[in-house]
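Colleague: Handing you this structure, nothing more for now.
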Amino acid sequence: MMKHVEYNRARRNMRTAPLIALSLILAACATHAPYETPRVDLPPSLPMASAEKAKERSEPWWQTFDDPNLTKVVDQALSENLQIEAAAARLQQASGAASLAGAQRLPEIGVDASAAEVRQSIADPIIGNFADLPGFNRNQSIYGMNLAASWELDLFGRLAAGERVAVADAASAQAQLIGIRLTIAAETALSYIALAETQALRANATRRIETLEELARVVRLRYERGIAPRLELDQVEADLSSARSTLPVLEAAERSAEVRLLILTGGTPNLDALPFETALIPEAPTIEVSQTPAQLLLARPDLVAAERQVAAADARVAQAVANYYPRFSLSGLLGLLSGDIGDLLTGDAFRAEGAIGAAVPLFDFGRRDAQLAISEAGTAEAIAQYRLAIAQALGEVDTSLISADRERAQAKELARTVTTLDRARETSRLAYQAGAVSLIEALDAERLLLEAEGRLISARAQLSRSTVVAYRSLGVRSVDAGIVDSKNKQVTTLR
């Protein structure tokens, strides 16, 4: 009997050996080329890079403005913003999909138990043949316990490619989360600057209106006495009306900035009270750039996300190639089955099953060809999008750094103008007190100073805005986070 069993086992091995050998040969043919990051040409340096000395900083970029209120508002936005919360939920979904894809490469093992009472039909053509035999009982009890396992053999890398797709998608979602956090930080800082600017301009406009009202009062008296011409009075009153007309616009802009800032920090607009009362325009720091474009730009969250999408598309091509080859699976069962629960744990109730399955594609009328063509086109699109994102990033960096540099120079010149006009205003005031100049000349010097101060306020706010945009375009020092690499599944920290 033992020799007969060994003979049958040998015959089965002889039948399956060619199938396994063929599978190994096909598996070698089905190997997809390893993924390589698309090559891109980057300039050797960034604009303004050689003019600055880089310093190692551990704090986020918004802290370089040295404004505690700005830091507090941005930190609140990063912890409470609803867009960030939604992006974090998307990352959890993508991470779950990556875990699922990895689990599909492993065996599935399960245990089940059953107990059934069956009353058989004697009208059944088969059961009816035994109904007249002695001891026949229509009522049957069946008890069973089974340990079952199944495993798809990933000989051609289909499941491995699916896992690479899911991991790359998860890494892309993680980079997108970091990018959204960077965007929210920048938008919050921009809204804070806009609020500070409108508040400063409104205060400047109020002082300018008060000066023009005093000037108009003096000119009106001079006109009524026949000393000043009508044209001079009309000019002053026109300037006064123009100054008054700016207040409603500034008040509306201030309200808009407050509401925008409240939404960014996770609040709900309340028409009765807003938590932002006063803000100062933060002083823009000098942007320090010493790293190469590859070090800076290729670490930008949106570019990392785009590159991970290329990796995911490449893995989908590998999936499509693997679909041309057979699928093999193993399954097995160890169990107990008995009609009497008392005999369930005996050797007679033991049973075992094992099977190997194969599904070989024959004719699909072009389905796999179409899927491969779609996947390859998707990879080409992802590469084009990645290169486009890099080109756009270079343009953003170039524009923002140069704009910040030019606006810093403009703000310096306007600061000199204000200093000069402030001296002129003080000279006119002293001369008026000495009777050397008229009140009109003294008030006009005050008016010119306030106008220059208004231009300086806008210039400083624009410089701060450009600095924020430059930090956002560089994509550095945004938040502490990690990007999962789909090749080695390690986490690379980004700042």
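Starting from 1 in every chain, residues are counted up; chains themselves are A, B, ... following the order of the structure tokens, and ligands are numbered from 1 as listed.
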Give me the residues within 9 Å of Leu250 in chain A as a PyMOL selection string, counting only C-alpha atoms and dropping any in the same chain fewer than 2 places off.

Modeller: chain A and resi 198-199+201-202+246-248+252-255

Colleague: I'd like the neighbourhood of Ile383 in chain A as a PDB file with N, CA and C atoms, in the first residue's frame, where a residue qualifies if any of its atoms comes within 7 Å (using only C-alpha atoms), though same-chain residues fewer than 4 positions away should be ignored.

Modeller:
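This is the output file result-v7.pdb:
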ATOM      1  N   PRO A  38      12.420  60.075 -13.453  1.00  0.00           N
ATOM      2  CA  PRO A  38      12.689  60.772 -14.718  1.00  0.00           C
ATOM      3  C   PRO A  38      13.776  61.827 -14.553  1.00  0.00           C
ATOM      4  N   VAL A 310       4.392  59.339 -11.001  1.00  0.00           N
ATOM      5  CA  VAL A 310       5.117  58.665 -12.077  1.00  0.00           C
ATOM      6  C   VAL A 310       5.452  57.232 -11.654  1.00  0.00           C
ATOM      7  N   THR A 379       1.626  56.535 -17.921  1.00  0.00           N
ATOM      8  CA  THR A 379       2.997  56.832 -17.498  1.00  0.00           C
ATOM      9  C   THR A 379       3.554  58.021 -18.258  1.00  0.00           C
ATOM     10  N   ARG A 387       7.488  66.886 -15.341  1.00  0.00           N
ATOM     11  CA  ARG A 387       8.399  67.860 -15.942  1.00  0.00           C
ATOM     12  C   ARG A 387       7.763  69.243 -16.004  1.00  0.00           C
TER      13      ARG A 387
END

Colleague: Quick one: residues within 6 Å of range 107-112 of chain A, only C-alpha atoms, excluding same-chain residues fewer than 2 positions away - as a ChimeraX atom specification?

Modeller: /A:145-151

Colleague: Rank A:Arg416, A:Arg408, A:Arg425, A:Arg260 by their smallest atom-to-atom distance to Arg460 in chain A, using only C-alpha atoms, and report the top residue only.

Modeller: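 Looking only at the distances to Arg460 in chain A, the closest residue turns out to be A:Arg408.
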
Colleague: Which residue out of A:Arg351, A:Arg423, A:Arg105, A:Arg368 has the minimum interatomic distance to Tyr324 in chain A when only C-alpha atoms are used?

Modeller: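 Among A:Arg351, A:Arg423, A:Arg105, A:Arg368, it is A:Arg368 that comes nearest to Tyr324 in chain A.
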